[in-house]
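For reference, protein11.pdb (PDB, C-alpha atoms):
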```pdb
ATOM      1  CA  MET O  84      10.734  -7.005 -21.299
ATOM      2  CA  SER O  85      10.846  -9.200 -18.210
ATOM      3  CA  TYR O  86      12.563 -12.476 -17.325
ATOM      4  CA  TYR O  87      11.724 -15.086 -14.680
ATOM      5  CA  PHE O  88      14.493 -17.594 -13.939
ATOM      6  CA  THR O  89      13.744 -20.856 -12.144
ATOM      7  CA  THR O  90      15.833 -23.365 -10.228
ATOM      8  CA  ALA O  91      14.323 -26.055 -12.486
ATOM      9  CA  GLY O  92      16.587 -25.025 -15.374
ATOM     10  CA  PHE O  93      14.138 -23.068 -17.528
ATOM     11  CA  TYR O  94      13.082 -19.429 -17.713
ATOM     12  CA  THR O  95      10.334 -17.239 -19.110
ATOM     13  CA  ARG O  96      10.656 -14.106 -21.233
ATOM     14  CA  GLY O  97       7.779 -11.691 -21.569
ATOM     15  CA  THR O  98       6.088  -8.384 -20.971
ATOM     16  CA  VAL O  99       4.147  -6.778 -18.129
ATOM     17  CA  GLN O 100       1.587  -4.114 -18.970
ATOM     18  CA  PRO O 101      -0.855  -2.075 -16.893
ATOM     19  CA  GLU O 102      -4.548  -2.494 -17.630
ATOM     20  CA  ALA O 103      -7.075   0.363 -17.590
ATOM     21  CA  ASP O 104      -8.705  -1.075 -14.437
ATOM     22  CA  GLY O 105      -5.452  -0.920 -12.416
ATOM     23  CA  ARG O 106      -4.438  -4.556 -12.803
ATOM     24  CA  LEU O 107      -1.150  -5.727 -14.301
ATOM     25  CA  ARG O 108      -1.120  -8.320 -17.073
ATOM     26  CA  ALA O 109       1.974 -10.436 -17.777
ATOM     27  CA  ARG O 110       2.438 -12.673 -20.801
ATOM     28  CA  ASP O 111       5.524 -14.895 -20.986
ATOM     29  CA  THR O 112       7.036 -17.423 -23.357
ATOM     30  CA  VAL O 113       8.584 -20.448 -21.616
ATOM     31  CA  VAL O 114      12.141 -21.270 -22.741
ATOM     32  CA  GLY O 115      14.131 -24.438 -22.044
ATOM     33  CA  THR O 116      11.593 -26.862 -20.562
ATOM     34  CA  SER O 117      10.368 -30.236 -21.723
ATOM     35  CA  GLU O 118       7.350 -30.092 -19.378
ATOM     36  CA  GLY O 119       5.089 -28.889 -22.177
ATOM     37  CA  ALA O 120       4.328 -25.343 -21.038
ATOM     38  CA  GLU O 121       4.672 -22.914 -23.942
ATOM     39  CA  GLU O 122       3.239 -19.682 -22.567
ATOM     40  CA  VAL O 123       2.066 -18.303 -19.239
ATOM     41  CA  GLU O 124      -0.397 -15.462 -18.747
ATOM     42  CA  ALA O 125      -1.017 -13.808 -15.366
ATOM     43  CA  THR O 126      -3.160 -10.974 -14.049
ATOM     44  CA  TYR O 127      -2.167  -9.258 -10.790
ATOM     45  CA  GLU O 128      -4.648  -7.252  -8.741
ATOM     46  CA  LEU O 129      -4.011  -5.509  -5.418
ATOM     47  CA  LEU O 130      -7.227  -5.793  -3.410
ATOM     48  CA  ALA O 131      -8.572  -3.040  -1.129
ATOM     49  CA  ASP O 132      -7.630  -5.043   1.983
ATOM     50  CA  GLY O 133      -3.973  -5.360   0.903
ATOM     51  CA  ARG O 134      -4.127  -8.933  -0.393
ATOM     52  CA  LEU O 135      -2.719  -9.722  -3.830
ATOM     53  CA  ARG O 136      -4.928 -11.705  -6.218
ATOM     54  CA  VAL O 137      -3.092 -13.516  -9.027
ATOM     55  CA  VAL O 138      -4.885 -15.411 -11.796
ATOM     56  CA  THR O 139      -2.678 -17.534 -14.074
ATOM     57  CA  ARG O 140      -3.139 -19.889 -16.986
ATOM     58  CA  MET O 141      -0.741 -21.869 -19.185
ATOM     59  CA  ARG O 142      -0.733 -22.859 -22.818
ATOM     60  CA  ARG O 143       0.364 -26.445 -23.504
ATOM     61  CA  ALA O 144       0.241 -28.150 -26.894
ATOM     62  CA  GLY O 145      -1.490 -25.065 -28.268
ATOM     63  CA  GLU O 146      -4.354 -25.150 -25.733
ATOM     64  CA  TRP O 147      -4.905 -22.787 -22.799
ATOM     65  CA  ASP O 148      -5.752 -24.472 -19.498
ATOM     66  CA  ALA O 149      -8.355 -23.239 -17.023
ATOM     67  CA  PRO O 150      -7.364 -20.168 -14.984
ATOM     68  CA  ARG O 151      -5.972 -20.724 -11.473
ATOM     69  CA  GLU O 152      -6.478 -18.139  -8.754
ATOM     70  CA  ARG O 153      -4.181 -17.514  -5.804
ATOM     71  CA  ILE O 154      -4.556 -14.980  -3.009
ATOM     72  CA  TYR O 155      -1.381 -13.811  -1.267
ATOM     73  CA  VAL O 156      -1.529 -12.384   2.266
ATOM     74  CA  GLU O 157       1.308 -10.659   4.096
ATOM     75  CA  ASP O 158       2.559 -12.540   7.140
ATOM     76  CA  PRO O 159       3.573  -9.834   9.625
ATOM     77  CA  GLY O 160       5.578 -12.389  11.640
ATOM     78  CA  ALA O 161       7.626 -13.647   8.689
ATOM     79  CA  LYS O 162      11.394 -13.246   8.800
ATOM     80  CA  VAL O 163      13.808 -13.300   5.891
ATOM     81  CA  VAL O 164      16.511 -15.942   6.375
ATOM     82  CA  LEU O 165      19.447 -15.825   3.988
ATOM     83  CA  PRO O 166      22.145 -18.492   3.755
TER      84      PRO O 166
END
```
Show this structure as structure tokens.
Amino acid sequence: MSYYFTTAGFYTRGTVQPEADGRLRARDTVVGTSEGAEEVEATYELLADGRLRVVTRMRRAGEWDAPRERIYVEDPGAKVVLP
């Protein structure tokens, strides 16, 4: 079981499971939002060059939207700044 809490006042509750091909698949139910999202599904894949590929889609009004892909790249110059 996993949880994802947002600053927008809603959260998701779901599961993360490994796939046979090495990817991770997450499926979450959205709780406490009036924005229309009911479920979120995501697939995470660590690419050979170290980038992270994430493909997500949402279910709204019973219909799944088209998948969205994002590629995350480490910024070696980034610094963590805490309040």
Any chance you could work out the residue set of the PyMOL selection byres ((chain O and resi 113) around 12) here, as a PyMOL selection string?
chain O and resi 85-89+92-97+110-112+114-124+141-143
Let me have the centre and edge lengths of the axis-aligned box enclosing all listed atoms of stretch 129-148 of chain O with 4 Å padding on every side, in Å to one decimal, as JSON.
```
{"center_x": -4.1, "center_y": -15.6, "center_z": -13.1, "size_x": 16.9, "size_y": 33.1, "size_z": 38.3}
```
Hey, what's within 8 Å of stretch 148-160 of chain O if we count all atoms listed in the file and toss same-chain stuff fewer than 5 positions away? As a ChimeraX atom specification, please?
/O:133-143
Straight-line distance linking atom CA of O:Thr126 with atom CA of O:Arg106, stated in Å to one decimal:
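Going from atom CA of O:Thr126 over to atom CA of O:Arg106 covers 6.7 Å.
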For this file, the PyMOL selection byres ((chain O and resi 100) around 10) selects which residues, as a list in words?
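So the PyMOL selection byres ((chain O and resi 100) around 10) ends up selecting Met84, Thr98, Val99, Pro101, Glu102, Ala103, Arg106, Leu107, Arg108, Ala109, Arg110 and Thr126 of chain O.
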Write the selection just made, keeping C-alpha atoms, as a PDB file, keeping the file's coordinate frame?
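Saved result, selection.pdb, follows:
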```pdb
ATOM      1  CA  MET O  84      10.734  -7.005 -21.299  1.00  0.00           C
ATOM      2  CA  THR O  98       6.088  -8.384 -20.971  1.00  0.00           C
ATOM      3  CA  VAL O  99       4.147  -6.778 -18.129  1.00  0.00           C
ATOM      4  CA  PRO O 101      -0.855  -2.075 -16.893  1.00  0.00           C
ATOM      5  CA  GLU O 102      -4.548  -2.494 -17.630  1.00  0.00           C
ATOM      6  CA  ALA O 103      -7.075   0.363 -17.590  1.00  0.00           C
ATOM      7  CA  ARG O 106      -4.438  -4.556 -12.803  1.00  0.00           C
ATOM      8  CA  LEU O 107      -1.150  -5.727 -14.301  1.00  0.00           C
ATOM      9  CA  ARG O 108      -1.120  -8.320 -17.073  1.00  0.00           C
ATOM     10  CA  ALA O 109       1.974 -10.436 -17.777  1.00  0.00           C
ATOM     11  CA  ARG O 110       2.438 -12.673 -20.801  1.00  0.00           C
ATOM     12  CA  THR O 126      -3.160 -10.974 -14.049  1.00  0.00           C
TER      13      THR O 126
END
```
Between atom CA of O:Gly145 and atom CA of O:Ala91, what is the distance in Å, rounded to a tenth?
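For atom CA of O:Gly145 relative to atom CA of O:Ala91, the distance reads 22.4 Å.
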Rebuild stretch 93-117 of chain O to N, CA and C atoms - output it as a JSON list (two decimals), in the frame of the given file, please.
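What follows is the written file out34.json:
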```json
[["chain", "number", "residue", "atom", "x", "y", "z"],
["O", 93, "PHE", "N", 14.76, -23.78, -16.41],
["O", 93, "PHE", "CA", 14.14, -23.07, -17.53],
["O", 93, "PHE", "C", 13.84, -21.64, -17.09],
["O", 94, "TYR", "N", 13.43, -20.80, -18.04],
["O", 94, "TYR", "CA", 13.08, -19.43, -17.71],
["O", 94, "TYR", "C", 11.94, -18.97, -18.60],
["O", 95, "THR", "N", 11.35, -17.83, -18.25],
["O", 95, "THR", "CA", 10.33, -17.24, -19.11],
["O", 95, "THR", "C", 10.80, -15.84, -19.51],
["O", 96, "ARG", "N", 10.33, -15.43, -20.68],
["O", 96, "ARG", "CA", 10.66, -14.11, -21.23],
["O", 96, "ARG", "C", 9.34, -13.48, -21.67],
["O", 97, "GLY", "N", 9.06, -12.26, -21.21],
["O", 97, "GLY", "CA", 7.78, -11.69, -21.57],
["O", 97, "GLY", "C", 7.65, -10.21, -21.30],
["O", 98, "THR", "N", 6.41, -9.79, -21.20],
["O", 98, "THR", "CA", 6.09, -8.38, -20.97],
["O", 98, "THR", "C", 5.09, -8.26, -19.83],
["O", 99, "VAL", "N", 5.12, -7.12, -19.16],
["O", 99, "VAL", "CA", 4.15, -6.78, -18.13],
["O", 99, "VAL", "C", 3.57, -5.43, -18.52],
["O", 100, "GLN", "N", 2.23, -5.36, -18.57],
["O", 100, "GLN", "CA", 1.59, -4.11, -18.97],
["O", 100, "GLN", "C", 0.44, -3.78, -18.03],
["O", 101, "PRO", "N", 0.28, -2.48, -17.72],
["O", 101, "PRO", "CA", -0.86, -2.08, -16.89],
["O", 101, "PRO", "C", -2.15, -2.13, -17.70],
["O", 102, "GLU", "N", -3.22, -2.49, -17.03],
["O", 102, "GLU", "CA", -4.55, -2.49, -17.63],
["O", 102, "GLU", "C", -5.29, -1.22, -17.19],
["O", 103, "ALA", "N", -6.31, -0.85, -17.91],
["O", 103, "ALA", "CA", -7.08, 0.36, -17.59],
["O", 103, "ALA", "C", -7.72, 0.29, -16.21],
["O", 104, "ASP", "N", -8.03, -0.92, -15.73],
["O", 104, "ASP", "CA", -8.70, -1.08, -14.44],
["O", 104, "ASP", "C", -7.74, -1.16, -13.25],
["O", 105, "GLY", "N", -6.44, -0.92, -13.49],
["O", 105, "GLY", "CA", -5.45, -0.92, -12.42],
["O", 105, "GLY", "C", -4.71, -2.24, -12.23],
["O", 106, "ARG", "N", -5.15, -3.27, -12.90],
["O", 106, "ARG", "CA", -4.44, -4.56, -12.80],
["O", 106, "ARG", "C", -3.19, -4.53, -13.68],
["O", 107, "LEU", "N", -2.31, -5.50, -13.43],
["O", 107, "LEU", "CA", -1.15, -5.73, -14.30],
["O", 107, "LEU", "C", -1.36, -7.04, -15.02],
["O", 108, "ARG", "N", -1.02, -7.09, -16.31],
["O", 108, "ARG", "CA", -1.12, -8.32, -17.07],
["O", 108, "ARG", "C", 0.26, -8.68, -17.60],
["O", 109, "ALA", "N", 0.69, -9.93, -17.31],
["O", 109, "ALA", "CA", 1.97, -10.44, -17.78],
["O", 109, "ALA", "C", 1.73, -11.57, -18.76],
["O", 110, "ARG", "N", 2.51, -11.59, -19.83],
["O", 110, "ARG", "CA", 2.44, -12.67, -20.80],
["O", 110, "ARG", "C", 3.86, -13.10, -21.10],
["O", 111, "ASP", "N", 4.16, -14.39, -20.87],
["O", 111, "ASP", "CA", 5.52, -14.90, -20.99],
["O", 111, "ASP", "C", 5.60, -16.12, -21.89],
["O", 112, "THR", "N", 6.70, -16.23, -22.59],
["O", 112, "THR", "CA", 7.04, -17.42, -23.36],
["O", 112, "THR", "C", 7.99, -18.25, -22.51],
["O", 113, "VAL", "N", 7.74, -19.55, -22.41],
["O", 113, "VAL", "CA", 8.58, -20.45, -21.62],
["O", 113, "VAL", "C", 9.73, -20.95, -22.50],
["O", 114, "VAL", "N", 10.96, -20.88, -21.99],
["O", 114, "VAL", "CA", 12.14, -21.27, -22.74],
["O", 114, "VAL", "C", 12.91, -22.33, -21.96],
["O", 115, "GLY", "N", 13.23, -23.45, -22.62],
["O", 115, "GLY", "CA", 14.13, -24.44, -22.04],
["O", 115, "GLY", "C", 13.50, -25.50, -21.17],
["O", 116, "THR", "N", 12.21, -25.80, -21.35],
["O", 116, "THR", "CA", 11.59, -26.86, -20.56],
["O", 116, "THR", "C", 11.00, -27.93, -21.47],
["O", 117, "SER", "N", 11.01, -29.15, -20.99],
["O", 117, "SER", "CA", 10.37, -30.24, -21.72],
["O", 117, "SER", "C", 9.04, -30.61, -21.07]]
```
